[in-house]
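Asker: I have a structure I would like to understand better, so I am pasting it below and will then ask my questions one at a time.
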Amino acid sequence: MKKSIDTKLALYPSPVTVLGTMNEEKPTWTLVAHIGIIGHDRILVSLAESHFINHLIKENRRLSVNLVTEDMLPKVDLSGSVTGAKTDKSGLFEYELGEMGMPIIKASNLTLECNVDDIYKTPNFESFICTIDNTYVEEKCLNEKGKPDYTKVKPVLFEFPNYQYLRTGDVIGKCLSFKKEAK
């Protein structure tokens, strides 16, 4: 029997990412797990309104979204626990600039370089609706068709109700392959 737990947001887990944008000539970073897909060509990145990085994203109208792997977690966790207003986070990750000038974390197996198309405000949050300009993937993480293989990318997931990180699992089947069993 299911029990109501009020109006808790429980649509998790979601991928752990580090956003990057430029703060003048230096990058700055922050951990973000409130991220989603809103079409085949758009993503949504939601940040608390008080984050230092928000005004830089609004100025630049660009950002990078770097998927996090398990070995990145110590620095990733730090990037989300200190504010860029008081701490220079530019040296936290080794990076290179993408084609659009956004910082791309070298240790990340998959990075999206995005333009901010729109900003949707809700109480205490700003959600950046972004178009994807470039997707960078480590060659070792591509399958034979040139698409990302997430069993090799191995992104870390975040689960908010219990505030913890999760490992990604094994492939359990191909999409649309279970319909015969549903009859």
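Following the order of the structure tokens, chains are lettered A, B, ..., residues in each are numbered from 1, and ligands are numbered from 1.
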Excluding same-chain residues fewer than 6 positions from A:Lys86, what lies within 12 Å of it counting only C-alpha atoms, as a PyMOL selection string?
Answerer: chain A and resi 28+51-53
Asker: Applying 10 Å and only C-alpha atoms, which residues near stretch 162-177 of chain A remain after dropping the ones on its own chain fewer than 6 positions away? List them as a ChimeraX atom specification.
Answerer: /A:10,13-16,69-70,73,150-151,153-156
Asker: Can you spit out the residues from that selection as a PDB file, in the first residue's frame, using N, CA, C and O atoms?
Answerer:
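The resulting file, part_23.pdb, is shown below:
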ATOM      1  N   ALA A  10       9.983  14.145  -5.509  1.00  0.00           N
ATOM      2  CA  ALA A  10      10.637  12.842  -5.435  1.00  0.00           C
ATOM      3  C   ALA A  10      10.916  12.275  -6.827  1.00  0.00           C
ATOM      4  O   ALA A  10      11.010  11.077  -6.993  1.00  0.00           O
ATOM      5  N   PRO A  13      16.451   9.694  -9.294  1.00  0.00           N
ATOM      6  CA  PRO A  13      17.668  10.492  -9.316  1.00  0.00           C
ATOM      7  C   PRO A  13      17.819  11.282 -10.612  1.00  0.00           C
ATOM      8  O   PRO A  13      17.138  11.031 -11.595  1.00  0.00           O
ATOM      9  N   SER A  14      18.739  12.231 -10.574  1.00  0.00           N
ATOM     10  CA  SER A  14      19.074  13.035 -11.745  1.00  0.00           C
ATOM     11  C   SER A  14      20.602  13.106 -11.849  1.00  0.00           C
ATOM     12  O   SER A  14      21.306  12.894 -10.865  1.00  0.00           O
ATOM     13  N   PRO A  15      21.116  13.387 -13.045  1.00  0.00           N
ATOM     14  CA  PRO A  15      22.574  13.409 -13.185  1.00  0.00           C
ATOM     15  C   PRO A  15      23.217  14.565 -12.414  1.00  0.00           C
ATOM     16  O   PRO A  15      22.673  15.667 -12.360  1.00  0.00           O
ATOM     17  N   VAL A  16      24.359  14.290 -11.826  1.00  0.00           N
ATOM     18  CA  VAL A  16      25.152  15.327 -11.164  1.00  0.00           C
ATOM     19  C   VAL A  16      25.978  16.012 -12.252  1.00  0.00           C
ATOM     20  O   VAL A  16      26.614  15.345 -13.072  1.00  0.00           O
ATOM     21  N   THR A  69      31.783  12.170 -13.013  1.00  0.00           N
ATOM     22  CA  THR A  69      32.115  10.775 -12.763  1.00  0.00           C
ATOM     23  C   THR A  69      32.531  10.634 -11.304  1.00  0.00           C
ATOM     24  O   THR A  69      32.838  11.627 -10.632  1.00  0.00           O
ATOM     25  N   GLU A  70      32.561   9.411 -10.839  1.00  0.00           N
ATOM     26  CA  GLU A  70      32.825   9.155  -9.419  1.00  0.00           C
ATOM     27  C   GLU A  70      34.160   9.720  -8.942  1.00  0.00           C
ATOM     28  O   GLU A  70      34.254  10.268  -7.839  1.00  0.00           O
ATOM     29  N   LEU A  73      34.179  13.418  -7.703  1.00  0.00           N
ATOM     30  CA  LEU A  73      33.300  13.848  -6.603  1.00  0.00           C
ATOM     31  C   LEU A  73      33.927  14.757  -5.545  1.00  0.00           C
ATOM     32  O   LEU A  73      33.278  15.715  -5.124  1.00  0.00           O
ATOM     33  N   TYR A 150      26.688   5.216 -22.107  1.00  0.00           N
ATOM     34  CA  TYR A 150      26.622   5.632 -20.708  1.00  0.00           C
ATOM     35  C   TYR A 150      27.127   4.567 -19.741  1.00  0.00           C
ATOM     36  O   TYR A 150      27.386   4.881 -18.581  1.00  0.00           O
ATOM     37  N   THR A 151      27.326   3.331 -20.220  1.00  0.00           N
ATOM     38  CA  THR A 151      27.989   2.346 -19.365  1.00  0.00           C
ATOM     39  C   THR A 151      29.480   2.650 -19.271  1.00  0.00           C
ATOM     40  O   THR A 151      30.155   2.176 -18.363  1.00  0.00           O
ATOM     41  N   VAL A 153      30.523   6.176 -19.895  1.00  0.00           N
ATOM     42  CA  VAL A 153      30.513   7.544 -19.348  1.00  0.00           C
ATOM     43  C   VAL A 153      30.377   7.471 -17.826  1.00  0.00           C
ATOM     44  O   VAL A 153      31.029   8.209 -17.103  1.00  0.00           O
ATOM     45  N   LYS A 154      29.554   6.572 -17.347  1.00  0.00           N
ATOM     46  CA  LYS A 154      29.313   6.324 -15.918  1.00  0.00           C
ATOM     47  C   LYS A 154      29.011   7.587 -15.117  1.00  0.00           C
ATOM     48  O   LYS A 154      29.711   7.909 -14.139  1.00  0.00           O
ATOM     49  N   PRO A 155      27.956   8.308 -15.490  1.00  0.00           N
ATOM     50  CA  PRO A 155      27.632   9.524 -14.732  1.00  0.00           C
ATOM     51  C   PRO A 155      27.132   9.199 -13.322  1.00  0.00           C
ATOM     52  O   PRO A 155      26.480   8.178 -13.101  1.00  0.00           O
ATOM     53  N   VAL A 156      27.480  10.052 -12.388  1.00  0.00           N
ATOM     54  CA  VAL A 156      26.993   9.950 -11.018  1.00  0.00           C
ATOM     55  C   VAL A 156      25.590  10.552 -10.985  1.00  0.00           C
ATOM     56  O   VAL A 156      25.308  11.530 -11.674  1.00  0.00           O
TER      57      VAL A 156
END
Asker: Quick one: which stretch 50-157 of chain A residues come within 9 Å of stretch 29-46 of chain A, and what is the nearest atom pair for each with the distance in Å to one decimal, counting only C-alpha atoms, rows ordered by chain and ascending number, as a Markdown table?
Answerer:
| residue | atom | partner | partner_atom | distance |
| --- | --- | --- | --- | --- |
| A:His51 | CA | A:Thr30 | CA | 8.7 |
| A:Ile53 | CA | A:Thr30 | CA | 7.4 |
| A:Val65 | CA | A:Val32 | CA | 8.9 |
| A:Val76 | CA | A:Leu31 | CA | 6.2 |
| A:Asp77 | CA | A:Leu31 | CA | 7.0 |
| A:Leu78 | CA | A:Leu31 | CA | 8.4 |
| A:Ser79 | CA | A:Thr30 | CA | 5.0 |
| A:Gly80 | CA | A:Leu31 | CA | 4.5 |
| A:Ser81 | CA | A:Leu31 | CA | 8.3 |
| A:Val82 | CA | A:Thr30 | CA | 8.6 |
| A:Thr83 | CA | A:Thr30 | CA | 8.3 |
| A:Gly84 | CA | A:Trp29 | CA | 7.7 |
| A:Lys89 | CA | A:Trp29 | CA | 6.4 |
| A:Ser90 | CA | A:Trp29 | CA | 7.3 |
| A:Leu92 | CA | A:Trp29 | CA | 8.2 |
| A:Phe93 | CA | A:Trp29 | CA | 8.7 |
| A:Cys114 | CA | A:Ile43 | CA | 8.9 |
| A:Asp117 | CA | A:Arg42 | CA | 8.9 |
| A:Tyr120 | CA | A:Ser46 | CA | 8.9 |
| A:Phe125 | CA | A:Ser46 | CA | 6.7 |
| A:Glu126 | CA | A:Ser46 | CA | 5.8 |
| A:Ser127 | CA | A:Ser46 | CA | 4.0 |
| A:Phe128 | CA | A:Val45 | CA | 5.1 |
| A:Ile129 | CA | A:Leu44 | CA | 4.6 |
| A:Cys130 | CA | A:Ile43 | CA | 5.3 |
| A:Thr131 | CA | A:Arg42 | CA | 4.7 |
| A:Ile132 | CA | A:Asp41 | CA | 6.2 |
| A:Leu157 | CA | A:Ala33 | CA | 8.1 |
Asker: Write a file of the selected residues as a CSV table (one decimal), in the first residue's frame, keeping C-alpha atoms.
Answerer:
chain,number,residue,atom,x,y,z
A,51,HIS,CA,23.9,31.5,-6.5
A,53,ILE,CA,27.2,32.1,-10.9
A,65,VAL,CA,27.3,21.4,-18.4
A,76,VAL,CA,32.6,18.5,-7.4
A,77,ASP,CA,31.3,18.5,-3.9
A,78,LEU,CA,33.6,21.4,-3.0
A,79,SER,CA,32.4,23.3,-6.0
A,80,GLY,CA,28.9,23.2,-4.7
A,81,SER,CA,29.7,23.9,-1.1
A,82,VAL,CA,31.6,27.2,-1.4
A,83,THR,CA,30.4,30.4,-3.2
A,84,GLY,CA,32.2,32.0,-6.0
A,89,LYS,CA,37.1,28.4,-7.9
A,90,SER,CA,38.9,28.8,-11.2
A,92,LEU,CA,39.4,23.6,-9.0
A,93,PHE,CA,39.3,21.7,-12.3
A,114,CYS,CA,25.1,25.8,-24.3
A,117,ASP,CA,17.7,31.0,-24.7
A,120,TYR,CA,12.1,31.0,-16.3
A,125,PHE,CA,14.9,29.8,-8.4
A,126,GLU,CA,16.1,30.8,-11.8
A,127,SER,CA,15.8,28.1,-14.5
A,128,PHE,CA,18.0,28.6,-17.6
A,129,ILE,CA,16.5,27.2,-20.8
A,130,CYS,CA,19.4,26.4,-23.0
A,131,THR,CA,20.1,25.3,-26.6
A,132,ILE,CA,22.9,22.9,-27.1
A,157,LEU,CA,23.4,10.5,-10.0
Asker: As an MDAnalysis selection string, please: the residues near A:Glu24 (cut-off 12 Å, only C-alpha atoms, same-chain neighbours under 4 positions excluded).
Answerer: chainID A and resid 28 56:57 59:60 90 101:102
Asker: Now that the selection is made, can you save its residues with C-alpha atoms as a compact mmCIF listing (two decimals), in the first residue's frame?
Answerer:
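See result32.txt below for the written result:
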# COMPACT_ATOMS: atom_id res chain seq x y z
CA THR A 28 33.89 29.54 -12.23
CA LEU A 56 27.57 35.54 -14.77
CA ILE A 57 25.39 33.14 -16.78
CA GLU A 59 25.83 38.28 -18.55
CA ASN A 60 27.53 35.65 -20.76
CA SER A 90 38.91 28.82 -11.22
CA GLY A 101 34.43 29.98 -25.25
CA MET A 102 32.98 28.11 -22.28
Asker: Just to confirm, what's the straight-line distance from atom CA of A:Ile104 to atom CA of A:Asn143 in Å (one decimal)?
Answerer: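 Separating atom CA of A:Ile104 from atom CA of A:Asn143 is a distance of 21.7 Å.
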Asker: Just to confirm, what's the straight-line distance from atom CA of A:Pro161 to atom CA of A:Asp71 in Å (one decimal)?
Answerer: 23.3 Å
Asker: Need to verify the contact set: A:Asp133, 8 Å, only C-alpha atoms, exclusion of same-chain residues closer than 5 positions in sequence. Can you return it as an NGL selection string?
Answerer: :A and (100 or 112-115)
Asker: Any chance you could export the current selection's N, CA, C and O atoms as a compact mmCIF listing (two decimals), in the first residue's frame?
Answerer:
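This is the output file out_21.txt:
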# COMPACT_ATOMS: atom_id res chain seq x y z
N MET A 100 32.64 27.67 -28.19
CA MET A 100 31.86 28.86 -27.84
C MET A 100 32.51 29.65 -26.71
O MET A 100 31.92 30.58 -26.18
N LEU A 112 28.32 19.45 -22.38
CA LEU A 112 27.50 20.22 -23.30
C LEU A 112 27.91 21.68 -23.19
O LEU A 112 28.07 22.20 -22.08
N GLU A 113 28.07 22.34 -24.32
CA GLU A 113 28.32 23.78 -24.34
C GLU A 113 27.02 24.41 -24.84
O GLU A 113 26.52 24.03 -25.91
N CYS A 114 26.46 25.33 -24.06
CA CYS A 114 25.10 25.80 -24.30
C CYS A 114 24.99 27.32 -24.35
O CYS A 114 25.76 28.03 -23.70
N ASN A 115 23.97 27.77 -25.07
CA ASN A 115 23.54 29.17 -25.07
C ASN A 115 22.27 29.27 -24.24
O ASN A 115 21.40 28.41 -24.35
Asker: Using only C-alpha atoms, which of the listed residues (A:Glu138, A:Glu144, A:Glu159, A:Asp6) sits closest to A:Leu67?
Answerer: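 Checking each of A:Glu138, A:Glu144, A:Glu159, A:Asp6 against A:Leu67, counting only C-alpha atoms, the winner is A:Glu138.
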Asker: As number ranges by chain, please: every residue in stretch 39-150 of chain A that DSSP puts in strand (DSSP E).
Answerer: A: 42-48, 62-67, 95-97, 103-105, 110-122, 125-137
Asker: Let me see the file: selected residues, N, CA and C atoms, as a compact mmCIF listing (two decimals), in the first residue's frame.
Answerer:
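Final file, selection_7.txt:
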# COMPACT_ATOMS: atom_id res chain seq x y z
N ARG A 42 16.89 21.20 -26.33
CA ARG A 42 16.89 22.14 -25.21
C ARG A 42 17.04 21.40 -23.89
N ILE A 43 17.75 22.04 -22.95
CA ILE A 43 17.81 21.54 -21.58
C ILE A 43 17.42 22.68 -20.64
N LEU A 44 17.11 22.33 -19.42
CA LEU A 44 16.77 23.30 -18.39
C LEU A 44 17.72 23.08 -17.22
N VAL A 45 18.33 24.14 -16.76
CA VAL A 45 19.24 24.10 -15.62
C VAL A 45 18.65 25.03 -14.57
N SER A 46 18.31 24.48 -13.41
CA SER A 46 17.65 25.25 -12.36
C SER A 46 18.60 25.50 -11.20
N LEU A 47 18.74 26.78 -10.84
CA LEU A 47 19.63 27.19 -9.76
C LEU A 47 18.89 28.07 -8.77
N ALA A 48 19.23 27.94 -7.51
CA ALA A 48 18.70 28.87 -6.52
C ALA A 48 19.11 30.28 -6.94
N ARG A 62 25.87 32.11 -21.81
CA ARG A 62 26.47 30.82 -22.17
C ARG A 62 26.91 30.09 -20.90
N LEU A 63 27.00 28.75 -21.03
CA LEU A 63 27.48 27.92 -19.93
C LEU A 63 27.89 26.56 -20.47
N SER A 64 28.64 25.85 -19.66
CA SER A 64 28.94 24.45 -19.97
C SER A 64 28.29 23.59 -18.90
N VAL A 65 27.89 22.39 -19.31
CA VAL A 65 27.29 21.41 -18.41
C VAL A 65 28.18 20.18 -18.50
N ASN A 66 28.89 19.88 -17.42
CA ASN A 66 29.86 18.80 -17.38
C ASN A 66 29.32 17.65 -16.54
N LEU A 67 29.11 16.47 -17.16
CA LEU A 67 28.67 15.31 -16.39
C LEU A 67 29.79 14.90 -15.44
N TYR A 95 40.85 22.50 -17.22
CA TYR A 95 39.83 22.75 -18.23
C TYR A 95 40.46 23.23 -19.53
N GLU A 96 39.63 23.24 -20.56
CA GLU A 96 39.97 23.87 -21.83
C GLU A 96 38.73 24.63 -22.27
N LEU A 97 38.90 25.57 -23.17
CA LEU A 97 37.75 26.32 -23.66
C LEU A 97 37.16 25.62 -24.87
N PRO A 103 34.22 27.09 -20.44
CA PRO A 103 35.18 26.15 -19.85
C PRO A 103 34.63 24.73 -19.81
N ILE A 104 35.45 23.79 -20.27
CA ILE A 104 35.07 22.38 -20.32
C ILE A 104 36.03 21.62 -19.42
N ILE A 105 35.49 20.91 -18.44
CA ILE A 105 36.31 20.16 -17.50
C ILE A 105 36.92 18.96 -18.21
N LEU A 110 31.70 13.74 -20.61
CA LEU A 110 30.71 14.31 -21.52
C LEU A 110 30.36 15.72 -21.06
N THR A 111 30.44 16.66 -21.98
CA THR A 111 30.17 18.07 -21.69
C THR A 111 29.30 18.66 -22.78
N LEU A 112 28.32 19.45 -22.38
CA LEU A 112 27.50 20.22 -23.30
C LEU A 112 27.91 21.68 -23.19
N GLU A 113 28.07 22.34 -24.32
CA GLU A 113 28.32 23.78 -24.34
C GLU A 113 27.02 24.41 -24.84
N CYS A 114 26.46 25.33 -24.06
CA CYS A 114 25.10 25.80 -24.30
C CYS A 114 24.99 27.32 -24.35
N ASN A 115 23.97 27.77 -25.07
CA ASN A 115 23.54 29.17 -25.07
C ASN A 115 22.27 29.27 -24.24
N VAL A 116 22.15 30.32 -23.45
CA VAL A 116 20.92 30.55 -22.70
C VAL A 116 19.91 31.20 -23.64
N ASP A 117 18.80 30.51 -23.82
CA ASP A 117 17.74 30.96 -24.72
C ASP A 117 16.70 31.78 -23.97
N ASP A 118 16.43 31.39 -22.71
CA ASP A 118 15.39 32.05 -21.92
C ASP A 118 15.65 31.75 -20.45
N ILE A 119 15.04 32.53 -19.58
CA ILE A 119 15.14 32.31 -18.14
C ILE A 119 13.74 32.28 -17.57
N TYR A 120 13.42 31.22 -16.86
CA TYR A 120 12.11 31.03 -16.26
C TYR A 120 12.27 31.15 -14.75
N LYS A 121 11.57 32.10 -14.15
CA LYS A 121 11.70 32.34 -12.72
C LYS A 121 10.53 31.74 -11.96
N THR A 122 10.87 31.09 -10.86
CA THR A 122 9.89 30.62 -9.88
C THR A 122 10.35 31.15 -8.53
N PHE A 125 14.08 30.59 -7.38
CA PHE A 125 14.87 29.84 -8.37
C PHE A 125 14.85 30.55 -9.72
N GLU A 126 15.96 30.36 -10.45
CA GLU A 126 16.06 30.79 -11.84
C GLU A 126 16.39 29.54 -12.66
N SER A 127 15.58 29.28 -13.67
CA SER A 127 15.81 28.14 -14.53
C SER A 127 16.22 28.64 -15.90
N PHE A 128 17.39 28.21 -16.31
CA PHE A 128 17.96 28.64 -17.58
C PHE A 128 17.59 27.61 -18.65
N ILE A 129 16.85 28.05 -19.64
CA ILE A 129 16.50 27.21 -20.77
C ILE A 129 17.58 27.42 -21.82
N CYS A 130 18.24 26.34 -22.19
CA CYS A 130 19.45 26.43 -23.01
C CYS A 130 19.34 25.60 -24.29
N THR A 131 19.91 26.12 -25.35
CA THR A 131 20.12 25.34 -26.56
C THR A 131 21.51 24.71 -26.47
N ILE A 132 21.66 23.57 -27.09
CA ILE A 132 22.94 22.86 -27.07
C ILE A 132 23.70 23.23 -28.33
N ASP A 133 24.86 23.87 -28.15
CA ASP A 133 25.69 24.27 -29.28
C ASP A 133 26.72 23.22 -29.65
N ASN A 134 27.27 22.55 -28.65
CA ASN A 134 28.27 21.52 -28.87
C ASN A 134 28.14 20.46 -27.79
N THR A 135 28.38 19.21 -28.18
CA THR A 135 28.45 18.11 -27.23
C THR A 135 29.81 17.45 -27.42
N TYR A 136 30.58 17.41 -26.34
CA TYR A 136 31.92 16.84 -26.37
C TYR A 136 31.91 15.54 -25.57
N VAL A 137 32.43 14.46 -26.17
CA VAL A 137 32.46 13.16 -25.51
C VAL A 137 33.84 12.55 -25.69
Asker: In Å to one decimal, how far is atom CA of A:Leu19 from atom CA of A:Gly91?
Answerer: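 Separating atom CA of A:Gly91 from atom CA of A:Leu19 is a distance of 14.3 Å.
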Asker: Just list as a PyMOL selection string whatever in stretch 68-122 of chain A DSSP marks as alpha helix (DSSP H).
Answerer: chain A and resi 73-79
Asker: With distances taken over only C-alpha atoms, which of A:Phe160, A:Cys141, A:Lys58, A:Ala182 is nearest to A:Leu9?
Answerer: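 With only C-alpha atoms as the atom set, the closest residue is A:Phe160.
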